[in-house]
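S.K.: Below you will find the structure I want to go over with you.
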Amino acid sequence: MIARFLFVLLFAFGPLLISAQQSFEKSLQDVLNKPEYQNASVGILVNDLESGKELFDLNAEKLLIPASTMKLITTASAIRILGDDYRFETNIGYTGKVNRNKVLKGDLVLTGGADPALGSEYFQNHYFHFLQNWAQQVKNAGIEKIEGNLVLDASIYDSEKIPATWIWEDMGNYYGAGASAFTVYDNMFRITFRSPATVGSPTKIIATYPKIDGMTIKNEVLSANDKRDNAYVFGSPLDKTRVIRGTIPANRRAFTIRAAMQHPEVALAADLQQALLEKGIFISGEVLLESVDQKKVQNIFIQESPTLAEITKVLNYESVNLFAEHFLKQLAVEKYGIGNREKGIELVKKYWQDKGLSADAIFMEDGSGLSHFNAVSPAFFVDLMTNMANDKAFVASLPEAGEGTLYSFSKANFPGRTLQAKSGSMTRVRCYSGYLQADSGKQMVFSIMFNHFSGSHYNLTKEIEDLLLVLKKQN
C-alpha cells in the first residue's frame with residue numbers, strides 16, 4: 001500500500017520536477033546560444049547540499065580559470081589549518097642594554113610577523129594609532145635615546161616579492177601588491193594627478209602618499225572624456241622605477257589612483273622613526289634590513305592582528321588579493337618556519353586530498369587567483385563548499401546579495417542569506433561559487449564558471465544572476 005502511494009506521488013509530481021529542471025536548462029541554453037558565449041568554456045555544477053545529490057552538471061570536471069574564487073580555497077584552508085582565532089604577531093624589542101640615563105646602547109629591533117592588516121584601511125579602528133602606540137611602548141621601556149640602529153627582521157618570509165606567474169599589467173597596481181613580512185597600509189600608495197580640460201593632454205603628478213624614498217615615476221597619463229580611472233602603473237617589484245600609462249578624467253584639480261608599494265618596509269621604518277621623534281626618542285644609527293638572533297632580543301611589545309576570521313571576512317567580501325597571499329605563505333610559516341608560496345600550495349593540496357578531494361582537479365599558482373595559470377573544476381569548488389558548509393567563520397565571510405563583491409545582485413531577489421557566494425573576475429573570466437537557498441527551503445551548493453567569453457562582464461553578471469534566480473524559484 002505504501003509503495004503504491006509513493007508511486008502515485010511520483011506519478012503526480014514527477015513531471016513538475018522534470019519541468020523545473022528543464023526550466024533551468026532552457027534558461028542556460030538561451031544564454032549559451034548568444035553569440036558572445038558560443039565559443040566560451042563553461043562549467044557548472046549544482047548539488048543539493050544536504051543529500052549531495054547532483055541537480056545539474058555541465059562540464060563539472062572541466063578545469064577552468066577561477067580568478068578570485070581561488071580565494072575560497074585559500075581561506076578555507078587557512079581556517080581549517082591555522083584556526084579561525086589565529087593572529088599574526090609583530091614584535092618590538094631591542095638588543096644591548098639600557099643605561100641609567102635611558103640610553104639604549106644597542107639596536108631597536110622590529111621583527112616582522114607578516115600581519116596583512118597592519119595599518120590597513122579595512123581595520124582603521126584596530127590600527128588607527130599603531131605607530132604612536134609602538135613609540136609609547138618604547139618610551140615605557142625606559143628608552144629615550146637609541147645609540148644604535150633600527151633593525152627590521154623580515155626573515156619570516158622568503159625573498160619572493162610576488163608570484164612568478166602574475167602579469168606585467170597587474171603587478172604595479174594596488175591589487176597586485178605582494179605579501180611581505182612588513183606589509184603595512186595594504187602595501188599601497190596613492191598618486192594624485194591634476195588633469196587639464198583639453199582631452200588628450202598630458203597630466204601632472206602633484207602628490208604621492210606615503211612618500212617612498214628613491215621612487216622614480218615617469219608619467220605618461222593623458223586626460224580623457226572617460227570618467228573612469230584607466231591609468232595603469234608598470235614596474236618591477238625589484239626596483240623603484242614606475243611608469244604610469246593610460247588616461248584619467250579631464251579637468252580635474254585632483255584625481256587619485258592607487259599603486260602597489262613593493263617595499264613597504266621603507267615606509268614603515270620612516271613612519272616609525274617619525275613617531276619615535278614625536279615622543280622625543282632619537283635613533284643615531286641607520287635603518288637595516290637583516291635577520292637578528294631572536295635569543296638576544298629583549299621584547300618590549302607584541303602587536304597582534306585581528307583574528308583570522310575577521311581578516312577572512314574582509315578578504316572574501318572585498319576580494320583582497322594581498323590578504324590571500326599572506327594566508328598562503330603563513331601556512332608554510334607554521335609548518336616549516338618560513339613563508340614560501342610553493343610550500344603553502346603543497347599544504348593546501350595535501351589537506352584537501354586527505355579530505356577526499358581530487359588533486360587532479362586543481363592547478364594552484366597563488367592564493368588570490370590573480371595568476372592566469374590557476375585552474376580549478378566546478379566539482380572541486382562544490383566539494384570544498386560542501387565540506388565547509390558547517391564552518392561558521394567561513395560561511396560568514398561570504399557576501400550576501402547586495403554586499404561586497406555581490407553588490408550588483410538584487411537583495412529583493414535574494415533576501416537575507418538566501419545567496420552567499422564569492423565572485424571571481426578577470427579579463428574574459430567570470431565565476432561564482434557559493435550557497436543558494438531555494439524558495440522551498442532546499443539548500444544548494446553551486447559553482448558557475450565562464451571563461452573566454454567575448455561579451456561584457458556586466459551583461460554576463462546579470463545573466464548569471466537570472467540563472468540563480470531560476471534555480472531559487474524552481475526547487
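Quick note on naming: the chains in the C-alpha cells go A, B, ... in the order shown, residues restart at 1 in each chain, and ligands are numbered from 1 in order of appearance.
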For region 315-325 of chain A, work out the shell of residues within 8 Å, counting only C-alpha atoms and skipping chain neighbours fewer than 2 positions away, then give it as JSON, numbers by chain.
M.R.: {"A": [68, 71, 72, 74, 75, 116, 117, 175, 176, 177, 178, 179, 186, 311, 312, 313, 327, 328, 329, 341, 366, 367, 368, 369, 370, 397, 398, 399, 403, 404, 405, 422]}
S.K.: What's around region 245-258 of chain A at 8 Å? Count only C-alpha atoms, leave out sequence neighbours fewer than 3 positions away in its own chain, and write the answer as a ChimeraX atom specification.
M.R.: /A:173-174,188-199,219-234
S.K.: List every residue of region 242-414 of chain A that DSSP, applied to the backbone, labels as strand (DSSP E), and write the result as an MDAnalysis selection string.
M.R.: chainID A and resid 242:249 252:260 282:283 287:289 298:304 362:363 375:376
S.K.: Check the smallest atom-to-atom distance from each of A:Met70, A:Ala141, A:Met385, A:Ala396 to Ile345 (chain A) using only C-alpha atoms, then report the winner.
M.R.: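 Result for the nearest residue to Ile345 (chain A): A:Met70.
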S.K.: Taking the DSSP secondary structure from the backbone, can you list the residues of region 85-318 of chain A that are helix (DSSP H, G or I), as a PyMOL selection string?
M.R.: chain A and resi 121-127+130-140+168-171+174-176+185-187+264-278+294-296+308-318
S.K.: Write the residues of the selection above to a file with C-alpha atoms, as a compact mmCIF listing (two decimals), in the first residue's frame.
M.R.:
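Final output, result01.txt:
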```txt
# COMPACT_ATOMS: atom_id res chain seq x y z
CA GLU A 121 42.28 50.87 5.68
CA TYR A 122 39.99 47.91 6.29
CA PHE A 123 40.85 47.87 10.01
CA GLN A 124 41.08 51.53 10.95
CA ASN A 125 39.52 51.04 14.38
CA HIS A 126 42.14 48.42 15.21
CA TYR A 127 45.22 50.16 13.84
CA PHE A 130 49.50 51.83 15.98
CA LEU A 131 52.78 53.71 15.37
CA GLN A 132 52.12 56.15 18.20
CA ASN A 133 51.42 53.18 20.44
CA TRP A 134 54.66 51.49 19.42
CA ALA A 135 56.64 54.65 20.19
CA GLN A 136 54.94 54.92 23.57
CA GLN A 137 55.77 51.29 24.34
CA VAL A 138 59.44 52.02 23.61
CA LYS A 139 59.31 55.01 25.93
CA ASN A 140 57.57 52.94 28.62
CA TRP A 168 53.08 42.86 -16.05
CA GLU A 169 49.81 44.85 -16.18
CA ASP A 170 48.83 43.76 -12.65
CA MET A 171 51.97 43.84 -10.54
CA TYR A 174 47.34 48.27 -5.90
CA TYR A 175 45.63 44.91 -6.40
CA GLY A 176 48.99 43.40 -7.44
CA TYR A 185 48.97 50.33 4.69
CA ASP A 186 47.73 47.48 2.45
CA ASN A 187 51.10 47.75 0.64
CA PRO A 264 56.59 48.57 2.48
CA GLU A 265 59.43 48.19 4.98
CA VAL A 266 60.84 51.51 3.75
CA ALA A 267 57.61 53.37 4.50
CA LEU A 268 57.14 51.59 7.83
CA ALA A 269 60.67 52.41 9.01
CA ALA A 270 60.33 56.08 8.05
CA ASP A 271 56.97 56.45 9.79
CA LEU A 272 58.18 54.63 12.91
CA GLN A 273 61.20 56.94 13.15
CA GLN A 274 58.87 59.93 12.91
CA ALA A 275 56.60 58.54 15.63
CA LEU A 276 59.62 57.97 17.89
CA LEU A 277 60.84 61.54 17.29
CA GLU A 278 57.42 62.87 18.29
CA GLN A 294 65.90 36.40 18.50
CA LYS A 295 67.52 34.90 21.60
CA LYS A 296 69.40 38.16 22.01
CA LEU A 308 41.92 35.13 11.05
CA ALA A 309 38.11 35.03 10.95
CA GLU A 310 37.93 38.84 10.96
CA ILE A 311 40.54 39.14 8.22
CA THR A 312 38.85 36.39 6.20
CA LYS A 313 35.56 38.27 6.19
CA VAL A 314 37.23 41.36 4.70
CA LEU A 315 39.23 39.17 2.31
CA ASN A 316 36.19 37.46 0.82
CA TYR A 317 33.81 40.43 0.98
CA GLU A 318 36.24 42.82 -0.71
```
S.K.: State, in Å with one decimal place, the distance from CA of Phe363 (chain A) to CA of Ala393 (chain A).
M.R.: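 We find that CA of Phe363 (chain A) and CA of Ala393 (chain A) lie 25.6 Å from each other.
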S.K.: Can you list, as an MDAnalysis selection string, every protein, DNA or RNA residue that comes within 10 Å of Leu347 (chain A) when you count only C-alpha atoms, leaving out same-chain residues fewer than 3 positions away?
M.R.: chainID A and resid 77 81 328 331:332 335 341:344 350:353
S.K.: Which polymer residues have any atom within 8 Å of an atom of Arg87 (chain A), counting only C-alpha atoms, with same-chain residues fewer than 6 positions away left out, as a list of chain:residue names?
M.R.: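 Contacts, with the query itself left out: A:Glu304, A:Ser305, A:Pro306, A:Thr307, A:Leu308.
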S.K.: For Asp115 (chain A), find every residue with an atom within 9 Å (counting only C-alpha atoms), except residues of its own chain fewer than 6 positions away, and show them as a PDB file with N, CA and C atoms, in the first residue's frame.
M.R.:
```pdb
ATOM      1  N   ARG A  87      46.159  34.611  15.083  1.00  0.00           N
ATOM      2  CA  ARG A  87      46.562  36.008  14.947  1.00  0.00           C
ATOM      3  C   ARG A  87      48.023  36.096  14.503  1.00  0.00           C
ATOM      4  N   PHE A  88      48.296  37.046  13.625  1.00  0.00           N
ATOM      5  CA  PHE A  88      49.668  37.368  13.246  1.00  0.00           C
ATOM      6  C   PHE A  88      50.266  38.255  14.345  1.00  0.00           C
ATOM      7  N   GLU A  89      51.597  38.165  14.537  1.00  0.00           N
ATOM      8  CA  GLU A  89      52.233  38.943  15.600  1.00  0.00           C
ATOM      9  C   GLU A  89      53.459  39.684  15.085  1.00  0.00           C
ATOM     10  N   THR A  90      53.544  40.968  15.418  1.00  0.00           N
ATOM     11  CA  THR A  90      54.722  41.785  15.126  1.00  0.00           C
ATOM     12  C   THR A  90      55.383  42.125  16.455  1.00  0.00           C
ATOM     13  N   SER A 180      54.435  40.630   2.309  1.00  0.00           N
ATOM     14  CA  SER A 180      55.723  40.985   2.897  1.00  0.00           C
ATOM     15  C   SER A 180      55.701  40.725   4.395  1.00  0.00           C
ATOM     16  N   ALA A 181      56.874  40.494   4.956  1.00  0.00           N
ATOM     17  CA  ALA A 181      56.991  40.372   6.411  1.00  0.00           C
ATOM     18  C   ALA A 181      56.583  41.662   7.094  1.00  0.00           C
ATOM     19  N   PHE A 182      56.691  42.792   6.363  1.00  0.00           N
ATOM     20  CA  PHE A 182      56.338  44.100   6.906  1.00  0.00           C
ATOM     21  C   PHE A 182      55.255  44.777   6.079  1.00  0.00           C
ATOM     22  N   THR A 183      54.273  44.000   5.657  1.00  0.00           N
ATOM     23  CA  THR A 183      53.129  44.604   4.980  1.00  0.00           C
ATOM     24  C   THR A 183      52.530  45.698   5.868  1.00  0.00           C
ATOM     25  N   VAL A 184      52.262  46.853   5.259  1.00  0.00           N
ATOM     26  CA  VAL A 184      51.677  47.968   6.002  1.00  0.00           C
ATOM     27  C   VAL A 184      50.886  48.835   5.022  1.00  0.00           C
ATOM     28  N   GLU A 304      49.364  42.340  18.026  1.00  0.00           N
ATOM     29  CA  GLU A 304      48.567  41.254  17.476  1.00  0.00           C
ATOM     30  C   GLU A 304      47.623  41.779  16.395  1.00  0.00           C
ATOM     31  N   SER A 305      47.414  40.957  15.386  1.00  0.00           N
ATOM     32  CA  SER A 305      46.469  41.293  14.315  1.00  0.00           C
ATOM     33  C   SER A 305      45.046  40.981  14.758  1.00  0.00           C
ATOM     34  N   HIS A 326      49.059  36.399   1.881  1.00  0.00           N
ATOM     35  CA  HIS A 326      49.567  36.231   3.249  1.00  0.00           C
ATOM     36  C   HIS A 326      49.096  34.908   3.846  1.00  0.00           C
TER      37      HIS A 326
END
```
S.K.: Pick out the closest residue to Thr165 (chain A) from this set: A:Leu460, A:Ile92, A:Met364, A:Met215. Count only C-alpha atoms.
M.R.: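 Closest candidate: A:Met364.
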S.K.: Distance table requested - region 328-360 of chain A against region 151-157 of chain A, cut-off 9 Å, only C-alpha atoms: one row per qualifying residue with the closest atom pair and its distance in Å to one decimal, ordered by chain and rising residue number, as JSON lines.
M.R.:
```
{"residue": "A:Lys329", "atom": "CA", "partner": "A:Tyr157", "partner_atom": "CA", "distance": 7.5}
{"residue": "A:Gln330", "atom": "CA", "partner": "A:Tyr157", "partner_atom": "CA", "distance": 8.5}
{"residue": "A:Val333", "atom": "CA", "partner": "A:Ile156", "partner_atom": "CA", "distance": 7.0}
{"residue": "A:Gly337", "atom": "CA", "partner": "A:Ile156", "partner_atom": "CA", "distance": 7.1}
{"residue": "A:Ile338", "atom": "CA", "partner": "A:Ile156", "partner_atom": "CA", "distance": 5.1}
{"residue": "A:Gly339", "atom": "CA", "partner": "A:Tyr157", "partner_atom": "CA", "distance": 4.2}
{"residue": "A:Asn340", "atom": "CA", "partner": "A:Tyr157", "partner_atom": "CA", "distance": 6.5}
```
S.K.: Would you compute the distance between CA of Lys442 (chain A) and CA of Leu357 (chain A)? Give it in Å to one decimal.
M.R.: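 Computed distance, CA of Lys442 (chain A) to CA of Leu357 (chain A), equals 24.2 Å.
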S.K.: Could you check the closest approach to Leu406 (chain A) for each of A:Tyr432, A:Phe301, A:Phe381, A:Phe394 and tell me which residue wins, using only C-alpha atoms?
M.R.: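 Looking at the shortest contact to Leu406 (chain A), the residue is A:Tyr432.
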S.K.: Find the spatial neighbours of region 236-239 of chain A, counting only C-alpha atoms, within a cut-off of 8 Å - ignore same-chain residues fewer than 2 positions away - and output them as a list of chain:residue names.
M.R.: A:Lys161, A:Ile162, A:Met171, A:Gly172, A:Phe234, A:Thr241, A:Arg242, A:Gln262, A:His263
S.K.: Any chance you could export the current selection's C-alpha atoms as a PDB file, in the first residue's frame?
M.R.:
```pdb
ATOM      1  CA  LYS A 161      58.045  39.611  -3.760  1.00  0.00           C
ATOM      2  CA  ILE A 162      55.148  38.430  -5.945  1.00  0.00           C
ATOM      3  CA  MET A 171      51.972  43.844 -10.542  1.00  0.00           C
ATOM      4  CA  GLY A 172      52.408  47.624 -10.374  1.00  0.00           C
ATOM      5  CA  PHE A 234      54.045  49.481 -14.514  1.00  0.00           C
ATOM      6  CA  THR A 241      61.102  52.935 -11.064  1.00  0.00           C
ATOM      7  CA  ARG A 242      57.447  53.266 -12.123  1.00  0.00           C
ATOM      8  CA  GLN A 262      56.525  46.772  -3.222  1.00  0.00           C
ATOM      9  CA  HIS A 263      58.912  47.960  -0.484  1.00  0.00           C
TER      10      HIS A 263
END
```
S.K.: With only C-alpha atoms as the atoms that count, which of A:Leu28, A:Gly93, A:Leu64, A:Phe409 lies nearest to Asp293 (chain A)?
M.R.: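 Comparing A:Leu28, A:Gly93, A:Leu64, A:Phe409 against Asp293 (chain A), the winner is A:Gly93.
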